[in-house]
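*Asks:* What follows is protein08.pdb; its format and atoms are PDB, C-alpha atoms.
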```pdb
MODEL        1
ATOM      1  CA  MET Q 338      73.263 -83.612-122.888
ATOM      2  CA  SER Q 339      70.331 -83.648-125.145
ATOM      3  CA  THR Q 340      67.886 -80.819-125.259
ATOM      4  CA  VAL Q 341      65.029 -82.964-123.989
ATOM      5  CA  ARG Q 342      66.949 -84.098-120.909
ATOM      6  CA  ARG Q 343      68.147 -80.565-120.109
ATOM      7  CA  SER Q 344      64.544 -79.322-120.198
ATOM      8  CA  ALA Q 345      63.432 -82.059-117.811
ATOM      9  CA  VAL Q 346      66.171 -81.116-115.291
ATOM     10  CA  VAL Q 347      65.207 -77.413-115.400
ATOM     11  CA  LEU Q 348      61.549 -78.223-114.963
ATOM     12  CA  ALA Q 349      62.269 -80.399-111.915
ATOM     13  CA  ALA Q 350      64.357 -77.628-110.309
ATOM     14  CA  VAL Q 351      61.650 -75.031-110.847
ATOM     15  CA  SER Q 352      59.025 -77.327-109.299
ATOM     16  CA  ALA Q 353      61.164 -77.933-106.234
ATOM     17  CA  LEU Q 354      61.738 -74.198-105.715
ATOM     18  CA  ALA Q 355      58.029 -73.472-106.018
ATOM     19  CA  ALA Q 356      57.178 -76.094-103.418
ATOM     20  CA  LEU Q 357      59.782 -74.728-101.005
ATOM     21  CA  THR Q 358      58.476 -71.170-101.369
ATOM     22  CA  ALA Q 359      54.901 -72.269-100.712
ATOM     23  CA  CYS Q 360      55.768 -74.124 -97.458
ATOM     24  CA  GLY Q 361      57.920 -71.369 -95.841
ATOM     25  CA  PRO Q 362      56.462 -68.192 -94.158
ATOM     26  CA  THR Q 363      56.935 -64.893 -95.988
ATOM     27  CA  GLU Q 364      58.930 -62.118 -94.402
ATOM     28  CA  ASP Q 365      55.958 -59.870 -94.032
ATOM     29  CA  SER Q 366      53.795 -62.510 -92.369
ATOM     30  CA  ALA Q 367      56.599 -63.612 -90.035
ATOM     31  CA  GLY Q 368      57.291 -60.042 -88.905
ATOM     32  CA  GLY Q 369      53.656 -59.075 -88.483
ATOM     33  CA  GLY Q 370      53.726 -56.754 -91.503
ATOM     34  CA  ALA Q 371      50.851 -55.360 -93.418
ATOM     35  CA  GLY Q 372      50.547 -58.507 -95.450
ATOM     36  CA  GLY Q 373      50.024 -60.730 -92.378
ATOM     37  CA  SER Q 374      46.659 -61.688 -90.919
ATOM     38  CA  THR Q 375      45.426 -59.398 -88.106
ATOM     39  CA  ALA Q 376      43.944 -61.096 -85.066
ATOM     40  CA  SER Q 377      40.424 -59.938 -84.269
ATOM     41  CA  PRO Q 378      40.158 -58.147 -80.879
ATOM     42  CA  ALA Q 379      38.353 -60.138 -78.174
ATOM     43  CA  LYS Q 380      34.780 -59.083 -77.709
ATOM     44  CA  SER Q 381      34.032 -57.520 -74.287
ATOM     45  CA  ALA Q 382      31.765 -59.589 -72.075
ATOM     46  CA  THR Q 383      28.186 -58.427 -71.938
ATOM     47  CA  PRO Q 384      27.518 -57.096 -68.377
ATOM     48  CA  SER Q 385      25.011 -59.162 -66.452
ATOM     49  CA  ALA Q 386      21.792 -57.588 -65.222
ATOM     50  CA  PRO Q 387      22.056 -56.193 -61.653
ATOM     51  CA  SER Q 388      20.652 -58.508 -59.038
ATOM     52  CA  THR Q 389      17.474 -57.444 -57.208
ATOM     53  CA  PRO Q 390      18.289 -56.332 -53.635
ATOM     54  CA  ALA Q 391      16.890 -58.535 -50.887
ATOM     55  CA  LYS Q 392      13.862 -57.172 -49.043
ATOM     56  CA  PRO Q 393      14.433 -56.246 -45.410
ATOM     57  CA  ALA Q 394      13.083 -58.565 -42.766
ATOM     58  CA  GLY Q 395       9.458 -57.964 -41.907
ATOM     59  CA  SER Q 396       8.562 -56.535 -45.309
ATOM     60  CA  ALA Q 397       7.003 -59.733 -46.549
ATOM     61  CA  LYS Q 398       3.327 -59.379 -47.353
ATOM     62  CA  PRO Q 399       0.973 -61.414 -45.176
ATOM     63  CA  SER Q 400      -0.374 -64.558 -46.656
ATOM     64  CA  ALA Q 401      -3.713 -64.205 -48.383
ATOM     65  CA  THR Q 402      -5.018 -67.026 -46.193
ATOM     66  CA  SER Q 403      -3.933 -65.523 -42.851
ATOM     67  CA  LYS Q 404      -6.664 -63.887 -40.748
ATOM     68  CA  PRO Q 405      -6.115 -60.721 -38.681
ATOM     69  CA  THR Q 406      -6.150 -61.201 -34.914
ATOM     70  CA  LYS Q 407      -9.385 -59.992 -33.373
ATOM     71  CA  LEU Q 408      -8.971 -57.766 -30.343
ATOM     72  CA  PRO Q 409     -11.432 -58.200 -27.472
ATOM     73  CA  LYS Q 410     -14.155 -55.625 -27.338
ATOM     74  CA  PRO Q 411     -13.742 -53.094 -24.523
ATOM     75  CA  THR Q 412     -16.005 -53.697 -21.577
ATOM     76  CA  LYS Q 413     -18.785 -51.166 -21.404
ATOM     77  CA  PRO Q 414     -18.703 -49.396 -18.046
ATOM     78  CA  SER Q 415     -21.720 -49.826 -15.834
ATOM     79  CA  THR Q 416     -24.202 -46.960 -15.787
ATOM     80  CA  ASP Q 417     -24.731 -47.536 -12.055
ATOM     81  CA  PRO Q 418     -22.503 -45.022 -10.211
ATOM     82  CA  ASP Q 419     -22.437 -47.313  -7.134
ATOM     83  CA  PHE Q 420     -21.635 -50.604  -8.847
ATOM     84  CA  ASP Q 421     -18.060 -50.641  -7.490
ATOM     85  CA  VAL Q 422     -18.741 -49.095  -4.054
ATOM     86  CA  PHE Q 423     -18.095 -51.721  -1.382
ATOM     87  CA  PRO Q 424     -19.177 -51.787   2.270
ATOM     88  CA  CYS Q 425     -16.960 -49.828   4.664
ATOM     89  CA  SER Q 426     -14.747 -51.888   6.955
ATOM     90  CA  THR Q 427     -12.561 -50.805   9.855
ATOM     91  CA  PHE Q 428      -9.701 -50.561   7.362
ATOM     92  CA  ASP Q 429     -11.561 -47.747   5.563
ATOM     93  CA  VAL Q 430     -12.636 -45.526   8.460
ATOM     94  CA  LYS Q 431     -11.469 -43.819  11.610
ATOM     95  CA  PHE Q 432     -13.680 -43.892  14.702
ATOM     96  CA  ALA Q 433     -14.542 -41.575  17.618
ATOM     97  CA  ALA Q 434     -17.065 -41.675  20.479
ATOM     98  CA  THR Q 435     -18.352 -38.560  22.260
ATOM     99  CA  LEU Q 436     -20.502 -38.406  25.405
ATOM    100  CA  ALA Q 437     -23.930 -37.012  24.461
ATOM    101  CA  GLU Q 438     -26.124 -37.544  27.568
ATOM    102  CA  PRO Q 439     -24.537 -38.524  30.918
ATOM    103  CA  THR Q 440     -27.772 -39.558  32.653
ATOM    104  CA  THR Q 441     -28.522 -42.226  30.099
ATOM    105  CA  SER Q 442     -24.871 -42.961  29.209
ATOM    106  CA  SER Q 443     -25.586 -41.991  25.596
ATOM    107  CA  TYR Q 444     -22.643 -41.620  23.223
ATOM    108  CA  LEU Q 445     -22.463 -40.301  19.681
ATOM    109  CA  LEU Q 446     -20.463 -42.654  17.473
ATOM    110  CA  LYS Q 447     -18.778 -41.183  14.403
ATOM    111  CA  ILE Q 448     -16.909 -42.815  11.557
ATOM    112  CA  THR Q 449     -15.059 -40.940   8.791
ATOM    113  CA  ASN Q 450     -13.904 -42.368   5.469
ATOM    114  CA  LYS Q 451     -10.115 -42.056   5.565
ATOM    115  CA  GLY Q 452      -9.530 -43.774   2.216
ATOM    116  CA  THR Q 453      -9.379 -42.548  -1.368
ATOM    117  CA  LYS Q 454     -12.520 -44.326  -2.580
ATOM    118  CA  ALA Q 455     -16.163 -44.191  -1.588
ATOM    119  CA  CYS Q 456     -17.622 -46.933   0.616
ATOM    120  CA  ARG Q 457     -21.024 -47.703   2.155
ATOM    121  CA  ALA Q 458     -21.837 -47.704   5.872
ATOM    122  CA  LEU Q 459     -24.138 -50.716   6.146
ATOM    123  CA  GLY Q 460     -26.719 -51.466   8.832
ATOM    124  CA  HIS Q 461     -25.819 -51.022  12.490
ATOM    125  CA  PRO Q 462     -22.370 -50.715  14.003
ATOM    126  CA  ILE Q 463     -21.182 -53.747  15.986
ATOM    127  CA  VAL Q 464     -20.247 -52.453  19.454
ATOM    128  CA  THR Q 465     -18.699 -54.371  22.328
ATOM    129  CA  PHE Q 466     -18.085 -52.984  25.843
ATOM    130  CA  GLY Q 467     -14.608 -53.313  27.239
ATOM    131  CA  ASP Q 468     -14.168 -56.727  28.843
ATOM    132  CA  LEU Q 469     -17.905 -57.475  28.971
ATOM    133  CA  ASP Q 470     -19.335 -60.319  26.979
ATOM    134  CA  GLY Q 471     -21.843 -59.670  24.217
ATOM    135  CA  GLN Q 472     -22.547 -56.580  22.150
ATOM    136  CA  ALA Q 473     -25.009 -53.691  21.948
ATOM    137  CA  THR Q 474     -28.439 -54.639  20.643
ATOM    138  CA  GLU Q 475     -29.717 -53.035  17.439
ATOM    139  CA  ARG Q 476     -32.244 -50.211  17.823
ATOM    140  CA  GLY Q 477     -34.520 -49.290  14.898
ATOM    141  CA  THR Q 478     -34.346 -50.596  11.333
ATOM    142  CA  ALA Q 479     -31.538 -50.044   8.847
ATOM    143  CA  PRO Q 480     -31.904 -49.331   5.101
ATOM    144  CA  GLY Q 481     -31.019 -52.018   2.588
ATOM    145  CA  ILE Q 482     -27.607 -52.188   0.997
ATOM    146  CA  GLU Q 483     -28.758 -50.166  -2.026
ATOM    147  CA  ASP Q 484     -29.941 -47.324   0.223
ATOM    148  CA  ALA Q 485     -27.105 -47.461   2.734
ATOM    149  CA  ILE Q 486     -25.124 -44.270   3.340
ATOM    150  CA  ARG Q 487     -22.435 -43.667   0.756
ATOM    151  CA  LEU Q 488     -19.334 -42.083   2.240
ATOM    152  CA  GLU Q 489     -17.002 -40.238  -0.081
ATOM    153  CA  PRO Q 490     -13.423 -39.728   1.156
ATOM    154  CA  GLY Q 491     -13.562 -37.418   4.189
ATOM    155  CA  GLU Q 492     -17.320 -37.808   4.771
ATOM    156  CA  SER Q 493     -18.811 -39.128   8.029
ATOM    157  CA  ALA Q 494     -21.713 -41.213   9.333
ATOM    158  CA  TYR Q 495     -23.186 -41.297  12.848
ATOM    159  CA  ALA Q 496     -24.878 -43.707  15.246
ATOM    160  CA  GLY Q 497     -26.344 -43.284  18.748
ATOM    161  CA  LEU Q 498     -25.176 -45.634  21.512
ATOM    162  CA  MET Q 499     -27.179 -45.945  24.778
ATOM    163  CA  GLY Q 500     -25.609 -47.678  27.723
ATOM    164  CA  GLY Q 501     -28.632 -47.319  29.951
ATOM    165  CA  ALA Q 502     -29.406 -45.716  33.264
ATOM    166  CA  ASN Q 503     -27.628 -46.983  36.363
ATOM    167  CA  ASP Q 504     -30.043 -49.573  37.745
ATOM    168  CA  GLY Q 505     -27.551 -51.475  39.820
ATOM    169  CA  LYS Q 506     -27.583 -54.416  37.427
ATOM    170  CA  GLY Q 507     -24.904 -53.286  35.052
ATOM    171  CA  LYS Q 508     -21.267 -52.304  35.063
ATOM    172  CA  THR Q 509     -19.214 -49.236  34.220
ATOM    173  CA  VAL Q 510     -16.680 -49.574  31.367
ATOM    174  CA  ASN Q 511     -14.088 -47.106  30.153
ATOM    175  CA  SER Q 512     -13.834 -48.131  26.499
ATOM    176  CA  ILE Q 513     -15.756 -49.661  23.630
ATOM    177  CA  ALA Q 514     -14.712 -51.394  20.408
ATOM    178  CA  LEU Q 515     -16.375 -51.117  17.009
ATOM    179  CA  THR Q 516     -16.425 -53.212  13.850
ATOM    180  CA  MET Q 517     -18.446 -52.625  10.681
ATOM    181  CA  ASN Q 518     -21.201 -54.676   9.102
ATOM    182  CA  THR Q 519     -19.796 -55.779   5.708
ATOM    183  CA  GLU Q 520     -22.253 -58.625   5.012
ATOM    184  CA  SER Q 521     -19.208 -60.857   4.492
ATOM    185  CA  ASP Q 522     -16.718 -62.885   6.511
ATOM    186  CA  LEU Q 523     -14.020 -60.222   6.162
ATOM    187  CA  GLU Q 524     -11.811 -60.203   9.253
ATOM    188  CA  GLN Q 525     -11.518 -56.723  10.723
ATOM    189  CA  THR Q 526      -9.374 -55.099  13.361
ATOM    190  CA  PRO Q 527     -11.723 -53.557  15.975
ATOM    191  CA  LEU Q 528     -11.465 -49.780  16.419
ATOM    192  CA  LYS Q 529     -11.387 -48.684  20.047
ATOM    193  CA  ALA Q 530     -12.525 -45.436  21.657
ATOM    194  CA  PRO Q 531     -12.447 -44.263  25.291
ATOM    195  CA  THR Q 532     -15.829 -43.948  27.063
ATOM    196  CA  PRO Q 533     -15.125 -42.789  30.654
ATOM    197  CA  GLY Q 534     -17.966 -43.673  33.020
ATOM    198  CA  LEU Q 535     -20.092 -45.507  30.467
ATOM    199  CA  TYR Q 536     -22.641 -47.525  32.426
ATOM    200  CA  VAL Q 537     -23.809 -50.624  30.565
ATOM    201  CA  SER Q 538     -27.186 -51.977  31.593
ATOM    202  CA  PRO Q 539     -27.757 -55.537  30.360
ATOM    203  CA  ASP Q 540     -31.368 -54.848  29.373
ATOM    204  CA  LYS Q 541     -31.115 -51.317  27.977
ATOM    205  CA  ASN Q 542     -27.879 -50.924  25.992
ATOM    206  CA  SER Q 543     -28.546 -50.418  22.290
ATOM    207  CA  VAL Q 544     -27.217 -48.708  19.159
ATOM    208  CA  THR Q 545     -28.922 -47.129  16.134
ATOM    209  CA  ALA Q 546     -28.178 -47.741  12.466
ATOM    210  CA  TRP Q 547     -25.763 -45.414  10.687
ATOM    211  CA  MET Q 548     -27.222 -41.998   9.909
ATOM    212  CA  ASP Q 549     -25.965 -39.142   7.769
ATOM    213  CA  ASN Q 550     -26.322 -36.615  10.624
ATOM    214  CA  ALA Q 551     -25.750 -36.565  14.382
ATOM    215  CA  GLU Q 552     -29.206 -35.228  15.316
ATOM    216  CA  ASP Q 553     -31.064 -38.213  13.823
ATOM    217  CA  ALA Q 554     -28.593 -40.633  15.358
ATOM    218  CA  LEU Q 555     -29.293 -39.335  18.907
ATOM    219  CA  SER Q 556     -33.065 -38.867  18.544
ATOM    220  CA  LEU Q 557     -33.996 -42.502  18.111
TER     221      LEU Q 557
ENDMDL
END
```
Can you give me the file's structure in the form of structure tokens?

*Replies:*
Amino acid sequence: MSTVRRSAVVLAAVSALAALTACGPTEDSAGGGAGGSTASPAKSATPSAPSTPAKPAGSAKPSATSKPTKLPKPTKPSTDPDFDVFPCSTFDVKFAATLAEPTTSSYLLKITNKGTKACRALGHPIVTFGDLDGQATERGTAPGIEDAIRLEPGESAYAGLMGGANDGKGKTVNSIALTMNTESDLEQTPLKAPTPGLYVSPDKNSVTAWMDNAEDALSL
């Protein structure tokens, strides 16, 4: 073989070996040696910002356009100490009748406030006689409602009842019934009291307005 041809064969063999070496992995790289490429460690994830806690119910601020609720102004109490004092009725008082003068069949009538609030004894008492028709006539004048007797709990008012002298025209009754003047249509239960031997003369029976003492009630 000529020198030129031998050189060409050697050159071809060297080229083939070089190509084979370049394509195959080296021992160090295949085994993870120092010569191999080192994989970069994965970067840790950046922690997210903590979420804002929800506000509890009812903590929301009122709207700028909402208006506060206006409370009603308290009612100013009246300066009149008697503005809420109502007329006495038979539901407010207890009643008694006492013989004062037998010859004229005069009786002292007494009412006492048995309630827990004050009331006013207005005008004249309304007195009927047992089973007789009609009622005692009014004797004397009575003060107006503003000047009527104010009865605190436990206090009393008085009136004088005259049946009249026995003139043969009347009748003897053993009880009377009383209701109060309330200047209204309030229905009342009559209060009864015994009056033994009370002689009722048709022309002379009468009753005074309520007084704050027994002496005045019997002197009219």

*Asks:* Please write as a list in words the full residue list that the PyMOL selection byres ((chain Q and resi 506-519) around 6) yields on this file.

*Replies:*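 Checking the PyMOL selection byres ((chain Q and resi 506-519) around 6) against this file, the residues are Pro424, Ser426, Leu459, Pro462, Ile463, Val464, Thr465, Phe466, Gly467, Asp504, Gly505, Glu520, Ser521, Pro527, Leu528, Lys529, Ala530, Pro531, Thr532, Pro533, Gly534, Leu535, Tyr536, Val537, Ser538 and Pro539 of chain Q.
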
*Asks:* Run the PyMOL selection byres ((chain Q and resi 483-490) around 12) mentally over the shown coordinates, then write out the matched residues as a ChimeraX atom specification, using the chain letters and numbers from the document.

*Replies:* /Q:417-426,429-431,448-461,478-482,491-496,518-519,546-550

*Asks:* Grab the atom CA of Q:Asn503 to atom CA of Q:Asp540 distance for me, in Å with one decimal place.

*Replies:*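 Going from atom CA of Q:Asn503 over to atom CA of Q:Asp540, I get 11.2 Å.
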
*Asks:* Which distance in Å separates atom CA of Q:Ala554 and atom CA of Q:Phe428, to one decimal?

*Replies:*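 Atom CA of Q:Phe428 lies at a distance of 22.8 Å from atom CA of Q:Ala554.
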
*Asks:* Go through Q:Thr474, Q:Ser556, Q:Ser442, Q:Thr526 and flag the residue nearest Q:Thr427, using only C-alpha atoms for the distances.

*Replies:*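 Using only C-alpha atoms, Q:Thr427 sits closest to Q:Thr526.
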
*Asks:* For atom CA of Q:Leu523 and atom CA of Q:Asp470, determine how far apart the two atoms are, in Å to one decimal place.

*Replies:*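 Rounded to one decimal, the two atoms are 21.5 Å apart.
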
*Asks:* Which residue is closest to Q:Ala434? Choose from Q:Gly471, Q:Leu557, Q:Gly501, Q:Ala551 and count only C-alpha atoms.

*Replies:*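 Residue with the minimum atom-to-atom distance to Q:Ala434: Q:Ala551.
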
*Asks:* With distances taken over only C-alpha atoms, which residue among Q:Lys541, Q:Ala433, Q:Gln525, Q:Ser443 lies nearest Q:Met499?

*Replies:* Q:Ser443

*Asks:* Box in all listed atoms of stretch 545-555 of chain Q, axis-aligned, with 3 Å more on each side; write out centre and edge lengths in Å to one decimal as lines of an AutoDock Vina configuration file.

*Replies:*
```
center_x = -28.4
center_y = -41.5
center_z = 13.3
size_x = 11.3
size_y = 18.5
size_z = 17.1
```

*Asks:* Write out as a ChimeraX atom specification each polymer residue whose atoms come within 7 Å of Q:Tyr444, counting all atoms listed in the file; drop sequence neighbours fewer than 6 positions from it.

*Replies:* /Q:434-438,497-499
